[in-house]
Amino acid sequence: MDVYVHEILKIILEYVDEGIHAIDNKGKTILYNRAMAELEGMDKDDVLDKQLLDVFPTLNKNNSTLLRILRTNEKIINHPQTYLNNKNKEITTINTTIPIFFNNKKVGALEIAKDITKIKQLSDQNMSLQLQLSQPESQKIFLKKFTFSSIIGNNKNFLNAINYAKKASKFSSSVFIYGETGTGKELVAQSIHNASQRANKPFLAQNCAAIPETLLEGILFGTVKGSFTGAIDRPGLFEQANNGTIFLDEINSMGLQLQSKLLRVLQEGTVRRVGGIKDIPIDVRVIASSNEEPYEAIEKGNLRKDLFYRINVIPINLPPLRERKDDIELLTKHFVDKYNKKLNKKIREIDFYILDAFKNYKWPGNVRELENVIEGAMNIVENDTILRREHFSPQANAKIFALAHERDYELKNNLPDTLADIEKNIIQKVLKSCNHNISKAAFLLGIKRQTLQHKLKKYNIVQK
């Protein structure tokens, strides 16, 4: 059994995406997997069984985390590092380095490295753009301003939330917006800012789920040169948004340790850059949002209770689209008009069947999903003046219109026969939308190809 486990571990180490590098007590490499070799631009044979400092001349006893572990026994968890690999290409990694013990005796050190070079490049681009946007003149050029007049809806609960947001815009207290993905949280946040006395100051937004925590800390609070390998002196979003507003989207995805640092910034009104010792005064209004019900997020351990109570001064709950069915026709017409202008189309009417199906679909992606579905259909429209079902994608037909069709059935002699008739009709419609491509139809129906073939025989559906 031990032999099998050993072989399994070898396979896992070779095929995981993270780079793995281990050395013994004398600094000789004893493990170096494929991912680490690709990351550092090395050949495995040039590293294995070689002294670390002989292979990597830019390293020394002070800057090598592996050698530091041999001296100190400390663990280094999620440490960011930016350096040039053997091909002179700049890479950024998040490293965890730990000592290796066997029979209570230290026998070496192990490093696990995750390549976040592309994420780092994107975050740098984002920071550069945010720095431009923090300048008043640049905001006028680059930032599409959403205001309360941009918000579409007549639903009573939705209007109550928007009216509450309008009142909140008159003050500078923190706001917490809860709403499912696609309900318009950033639109409301930006509308609050643009209706406030801070409207001529920066509005900066950051999605907390899009960036690893170690990078997100530097993005929010800034960095000091030398705070970690590759770090430079750079202000964070809080400094850039001074006297304005910062929108922290999906704050429930932020790590708890970083949440505690954010709480300190909010309580003290100062920010300290990563690696810095100077507290910088700031005046920033914070609007945070969560796509998860906040009390559930607290119970699951995704959101610190003290941070939530600090930000939740003005709570705004945006209802999902499935609870705003009376707004669906209004929103549909709005998006049709929008893409008529944008795509130079001439849709004047919407098939009633479409509106009926829309009102009975659950819309897990909410208003954003509705707009995307309509935009996709408007791209397909040619010379029509009526938006019809055939303009929508096979996926939309399968999940929106096929579900709507189920309601057209009345109970036959018994429930099994009625359900079978519904299933047969749906299969036929999806097959037709896919030009009778069985593989594509099975994918849209969410079943295996063999299962679909069995049902075709069962219902005597003839393939064309």
# chains A, B, ... in the order shown; residues from 1 in each chain; ligands from 1
$ select_by_dssp --residues "range 138-353 of chain A" --states "strand (DSSP E or B)" --output "PyMOL selection string"
chain A and resi 175-178+203-207+223+229+234+245-249+270-271+274+280-281+285-290+314-317+349-350
$ write_last_selection --atoms "C-alpha atoms" --output "mmCIF file, in the first residue's frame"
data_model
loop_
_atom_site.group_PDB
_atom_site.id
_atom_site.type_symbol
_atom_site.label_atom_id
_atom_site.label_comp_id
_atom_site.auth_asym_id
_atom_site.auth_seq_id
_atom_site.Cartn_x
_atom_site.Cartn_y
_atom_site.Cartn_z
ATOM 1 C CA VAL A 175 -23.691 52.465 3.462
ATOM 2 C CA PHE A 176 -24.123 48.701 3.203
ATOM 3 C CA ILE A 177 -25.919 47.425 0.088
ATOM 4 C CA TYR A 178 -27.168 43.850 0.007
ATOM 5 C CA PHE A 203 -15.469 57.590 -6.857
ATOM 6 C CA LEU A 204 -13.333 54.433 -6.866
ATOM 7 C CA ALA A 205 -14.673 50.880 -6.948
ATOM 8 C CA GLN A 206 -12.939 47.613 -6.095
ATOM 9 C CA ASN A 207 -14.344 44.091 -6.346
ATOM 10 C CA THR A 223 2.649 49.904 -0.529
ATOM 11 C CA THR A 229 10.062 41.741 -3.014
ATOM 12 C CA ARG A 234 2.362 53.647 -4.342
ATOM 13 C CA THR A 245 -16.160 57.692 -2.052
ATOM 14 C CA ILE A 246 -14.808 54.155 -2.214
ATOM 15 C CA PHE A 247 -17.097 51.270 -3.168
ATOM 16 C CA LEU A 248 -16.052 47.851 -1.844
ATOM 17 C CA ASP A 249 -18.045 45.307 -3.812
ATOM 18 C CA THR A 270 -6.123 56.892 8.888
ATOM 19 C CA VAL A 271 -4.442 54.435 6.560
ATOM 20 C CA VAL A 274 1.828 47.926 3.619
ATOM 21 C CA ILE A 280 -1.991 58.955 6.698
ATOM 22 C CA PRO A 281 -5.227 60.853 7.507
ATOM 23 C CA ARG A 285 -17.027 57.660 2.496
ATOM 24 C CA VAL A 286 -17.297 53.873 2.340
ATOM 25 C CA ILE A 287 -20.074 52.095 0.503
ATOM 26 C CA ALA A 288 -19.815 48.318 0.798
ATOM 27 C CA SER A 289 -21.896 45.586 -0.755
ATOM 28 C CA SER A 290 -22.507 41.881 -0.366
ATOM 29 C CA ILE A 314 -27.408 52.937 6.279
ATOM 30 C CA PRO A 315 -28.579 49.501 5.056
ATOM 31 C CA ILE A 316 -30.066 49.197 1.562
ATOM 32 C CA ASN A 317 -31.555 45.910 0.350
ATOM 33 C CA GLU A 349 -42.748 45.339 -30.642
ATOM 34 C CA ILE A 350 -42.002 42.425 -28.363
#
$ closest_atom_pairs --of "range 270-336 of chain A" --to "range 148-161 of chain A" --cutoff "9 Å" --atoms "only C-alpha atoms" --output "tab-separated table"
residue	atom	partner	partner_atom	distance
A:Ile316	CA	A:Ala161	CA	5.9
A:Asn317	CA	A:Ala161	CA	6.3
A:Leu318	CA	A:Phe158	CA	6.4
A:Pro319	CA	A:Phe158	CA	6.2
A:Glu323	CA	A:Asn155	CA	8.7
A:Arg324	CA	A:Asn155	CA	5.9
A:Lys325	CA	A:Asn155	CA	8.1
A:Asp326	CA	A:Asn155	CA	6.3
A:Asp327	CA	A:Gly153	CA	5.6
A:Ile328	CA	A:Gly153	CA	8.6
A:Leu330	CA	A:Gly153	CA	7.2
A:Leu331	CA	A:Ile152	CA	6.7
A:His334	CA	A:Ile152	CA	8.1
$ closest_residue --among "A:Ala109, A:Leu39, A:Leu9, A:Val47" --to "Asn73 in chain A" --atoms "only C-alpha atoms"
A:Ala109
$ select_by_dssp --residues "range 201-300 of chain A" --states "alpha helix (DSSP H)" --output "PyMOL selection string"
chain A and resi 213-221+237-240+256-268+294-300
$ write_last_selection --atoms "C-alpha atoms" --output "PDB file, in the first residue's frame"
ATOM      1  CA  GLU A 213      -5.949  39.036  -0.286  1.00  0.00           C
ATOM      2  CA  THR A 214      -2.205  39.670  -0.281  1.00  0.00           C
ATOM      3  CA  LEU A 215      -2.523  41.887  -3.356  1.00  0.00           C
ATOM      4  CA  LEU A 216      -5.823  43.435  -2.288  1.00  0.00           C
ATOM      5  CA  GLU A 217      -4.229  44.826   0.889  1.00  0.00           C
ATOM      6  CA  GLY A 218      -1.682  46.760  -1.176  1.00  0.00           C
ATOM      7  CA  ILE A 219      -4.369  47.923  -3.624  1.00  0.00           C
ATOM      8  CA  LEU A 220      -6.544  49.323  -0.836  1.00  0.00           C
ATOM      9  CA  PHE A 221      -3.912  50.735   1.517  1.00  0.00           C
ATOM     10  CA  LEU A 237      -7.362  53.367  -3.259  1.00  0.00           C
ATOM     11  CA  PHE A 238      -8.189  54.952   0.107  1.00  0.00           C
ATOM     12  CA  GLU A 239      -5.584  57.650  -0.427  1.00  0.00           C
ATOM     13  CA  GLN A 240      -6.650  58.138  -4.035  1.00  0.00           C
ATOM     14  CA  LEU A 256     -11.072  38.100   7.696  1.00  0.00           C
ATOM     15  CA  GLN A 257      -7.554  39.333   8.499  1.00  0.00           C
ATOM     16  CA  LEU A 258      -7.864  42.088   5.906  1.00  0.00           C
ATOM     17  CA  GLN A 259     -11.361  42.889   7.196  1.00  0.00           C
ATOM     18  CA  SER A 260      -9.834  43.612  10.615  1.00  0.00           C
ATOM     19  CA  LYS A 261      -7.347  46.032   9.029  1.00  0.00           C
ATOM     20  CA  LEU A 262     -10.178  47.705   7.151  1.00  0.00           C
ATOM     21  CA  LEU A 263     -12.081  48.099  10.417  1.00  0.00           C
ATOM     22  CA  ARG A 264      -9.085  49.900  11.921  1.00  0.00           C
ATOM     23  CA  VAL A 265      -8.968  52.292   8.950  1.00  0.00           C
ATOM     24  CA  LEU A 266     -12.672  53.076   9.327  1.00  0.00           C
ATOM     25  CA  GLN A 267     -12.449  53.597  13.076  1.00  0.00           C
ATOM     26  CA  GLU A 268      -9.315  55.761  13.100  1.00  0.00           C
ATOM     27  CA  PRO A 294     -25.062  39.687   5.656  1.00  0.00           C
ATOM     28  CA  TYR A 295     -26.282  37.854   8.743  1.00  0.00           C
ATOM     29  CA  GLU A 296     -25.798  34.534   6.942  1.00  0.00           C
ATOM     30  CA  ALA A 297     -22.314  35.685   5.911  1.00  0.00           C
ATOM     31  CA  ILE A 298     -21.531  36.482   9.557  1.00  0.00           C
ATOM     32  CA  GLU A 299     -22.808  33.085  10.681  1.00  0.00           C
ATOM     33  CA  LYS A 300     -20.695  31.324   8.023  1.00  0.00           C
TER      34      LYS A 300
END
$ closest_residue --among "A:Glu40, A:Leu59, A:Asn437, A:Asp46" --to "Asn88 in chain A" --atoms "only C-alpha atoms"
A:Glu40
$ atom_distance --atom1 "CA of Asn78 in chain A" --atom2 "CA of Asp233 in chain A"
20.8 Å
$ atom_distance --atom1 "CA of Thr147 in chain A" --atom2 "CA of Glu292 in chain A"
24.7 Å
$ atom_distance --atom1 "CA of Asp356 in chain A" --atom2 "CA of Leu452 in chain A"
28.2 Å
$ residues_around --residues "Lys429 in chain A" --least-positions-apart "2" --cutoff "10 Å" --atoms "only C-alpha atoms" --output "list in words"
Pro394, Asn397, Ala398, Phe401, Ala402, Lys424, Asn425, Ile426, Ile427, Leu431, Lys432, Ser433, Cys434, Asn435, His436 and Ala441 of chain A
$ residues_around --residues "Thr92 in chain A" --least-positions-apart "5" --cutoff "6 Å" --atoms "only C-alpha atoms" --output "list of chain:residue names"
A:Gln81, A:Thr82, A:Ile116, A:Thr117
$ closest_residue --among "A:Asp24, A:Glu369, A:Glu7, A:Asp306" --to "Thr181 in chain A" --atoms "only C-alpha atoms"
A:Glu369
$ residues_around --residues "Arg449 in chain A" --least-positions-apart "4" --cutoff "7 Å" --atoms "only C-alpha atoms" --output "list of chain:residue names"
A:Ile438, A:Ser439, A:Ala442, A:Gln453
$ closest_residue --among "A:Ala113, A:Val188, A:Ile91, A:Ile77" --to "Val16 in chain A" --atoms "only C-alpha atoms"
A:Ala113
